[in-house]
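What follows is a set of notes on a single structure, which appears directly below.
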Amino acid sequence: MPDMEVLSEALRYIRRFQGLSVVVKSGGHAMVDGSTMENIARDLVLTRNVGIRPVLVHGGGPEISRVMDRMGKEPRVVEGLRVTDEETLEIAKMALIGNVGTRMVANIWTGGGRGVGLTGKDGGLFIARRKGSKRVRVGGEEREVDLGFVGEIVSIDTDVVETVAERGYIPVISPIAMDEDGGSLNVNADEVAGELAGALGASKLIMVTDVPGVLRDREDPSSLVSEMSVPEVRRAIEDGVVSGGMVPKLEACTGAITSSTVDRAHIIDGTRPHSILEELFTDRGSGTMITLGEKI
Ligand SMILES: Nc1ncnc2c1ncn2[C@@H]1O[C@H](COP(=O)(O)OP(=O)(O)OP(=O)(O)O)[C@@H](O)[C@H]1O
Ligand SMILES: [Mg+2]
């Protein structure tokens, strides 16, 4: 009886992940569409209801770009990182905390759960410093681009996240960090998710985005790579098989699995209903799974 097979498979995974944290990062692209956000929220609530602790980190790239367009500012992204001047930082805060974060909390509520919005500033969750500049190739020449108020995480204090998760809430984290003087920095949400998964001792890191996973050919959704080892990821970045927003995502995945309790990281498609449940509770999983591969 196929239904019973599905159920027994799911029950095994539910038991395995009991009481453990799973960090889910949902990309801004996957959340532009209201029904995708609803799907993600529903899966998080179901996961929470069977005794697993999901912690959500959200991005908001398209929402930030939309507000910038409206204000006549041209968005600029270098290797998946948004060049952030003072005005862009204000827009990012508004779009991430004021819009995407609160909408996600509301979707969790209507899905039957309780979400709590947090930023990196709450409880000193993550302290960051400016990343500085990046060397990029523009046309034929190499140039230094100052990223402005883009942060990289220096320290993480997970207490506030653990406290709310223990009490049954689903933390919804906006990727705005505090600098050492109490100011704000914009941190790539993939980086936040990777570092947080490590600091929480999470068992899994799931990156939910708007593509089926890592594609060998970006134009061809059927060219999905279902499994990649850390050395294969490095090669794919060097060879340019992956680019743009996929680069910080893969770097966050490899960072988490090489240096923490996270033994698997996944990149999955949020536009497909129940892709999170499929990843967590079935043998076949979904999307691209990143594993350590051969130990060097
Ligand atoms: N080889 C590849 N396979 C799949 N996607 C790729 C590849 N190379 C680059 N990409 C791009 O990476 C994008 C995903 O990263 P992106 O940063 O745009 O989204 P996100 O991280 O989900 O959202 P946000 O940045 O708002 O949090 C895809 O939409 C795709 O355009
Ligand atoms: Mg991104």
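In the structure tokens, chains take letters A, B, ... by order of appearance, with residues numbered from 1 within each chain and ligands from 1 in the order shown.
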
Tell me, as a PyMOL selection string, which residues lie within 9 Å of Ala165 of chain A, counting only C-alpha atoms; anything in the same chain fewer than 4 positions away does not count. chain A and resi 21+53-55+160-161+169-171

Step one, run DSSP on the backbone; step two, keep only residues of segment 40-282 of chain A assigned to helix (DSSP H, G or I); then write them as a VMD selection string. chain A and resid 40 to 49 61 to 70 86 to 110 122 to 124 159 to 166 189 to 200 221 to 223 230 to 238 246 to 259 275 to 281

Find the residues of chain A that sit at most 8 Å from ligand 2; for each, write down the nearest two atoms and how far apart they are in Å, to one decimal. Count only C-alpha atoms and all ligand atoms. Sort by chain, then by number going up, and give it as CSV.
residue,atom,partner,partner_atom_place_in_ligand_line,distance
A:Gly27,CA,ligand 2,1 (Mg),6.2
A:Gly28,CA,ligand 2,1 (Mg),7.4
A:Gly59,CA,ligand 2,1 (Mg),6.8
A:Gly61,CA,ligand 2,1 (Mg),6.8
A:Gly80,CA,ligand 2,1 (Mg),5.9
A:Leu81,CA,ligand 2,1 (Mg),7.7
A:Asn188,CA,ligand 2,1 (Mg),6.9
A:Ala189,CA,ligand 2,1 (Mg),6.9
A:Asp190,CA,ligand 2,1 (Mg),6.5
A:Gly244,CA,ligand 2,1 (Mg),8.0
A:Gly245,CA,ligand 2,1 (Mg),4.3
A:Met246,CA,ligand 2,1 (Mg),6.8
A:Pro248,CA,ligand 2,1 (Mg),7.1
A:Lys249,CA,ligand 2,1 (Mg),6.7

May I ask which of the residues A:Asp283, A:Asp269, A:Asp85, A:Glu90 is the closest one to Val211 of chain A, counting only C-alpha atoms? A:Asp269

Using only C-alpha atoms and all ligand atoms, pick whichever of A:Leu44, A:Val23, A:Met207, A:Ala252 has the shortest atom-to-atom distance to ligand 1. A:Met207

Long-range neighbours of segment 216-229 of chain A as a ChimeraX atom specification, 7 Å cut-off, only C-alpha atoms, 6 positions minimum in chain: /A:241,287-293

Residues just named, written with C-alpha atoms as a compact mmCIF listing (two decimals), in the first residue's frame:
# COMPACT_ATOMS: atom_id res chain seq x y z
CA VAL A 241 28.94 26.62 -13.72
CA GLY A 287 16.75 19.46 -5.08
CA THR A 288 20.53 19.38 -4.65
CA MET A 289 22.15 17.79 -1.61
CA ILE A 290 25.62 19.00 -0.58
CA THR A 291 27.72 16.46 1.27
CA LEU A 292 31.25 16.44 2.61
CA GLY A 293 32.40 13.91 0.00

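Each of A:Gly115, A:Pro2, A:Pro212, A:Gly101 was checked against Gly168 of chain A using only C-alpha atoms; the smallest atom-to-atom distance is that of A:Gly115.
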
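Distances here use only C-alpha atoms and all ligand atoms; by that measure, the residue among A:Gly72, A:Gly60, A:Gly113, A:Gly19 closest to ligand 1 is A:Gly60.
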
Could you name the residues that touch Thr254 of chain A at 12 Å or less, counting only C-alpha atoms, but leaving out those on the same chain fewer than 4 positions away, as an MDAnalysis selection string? chainID A and resid 190:191 193:195 197:198 205 228:234 237 247:250 258:260 262:267 289:293
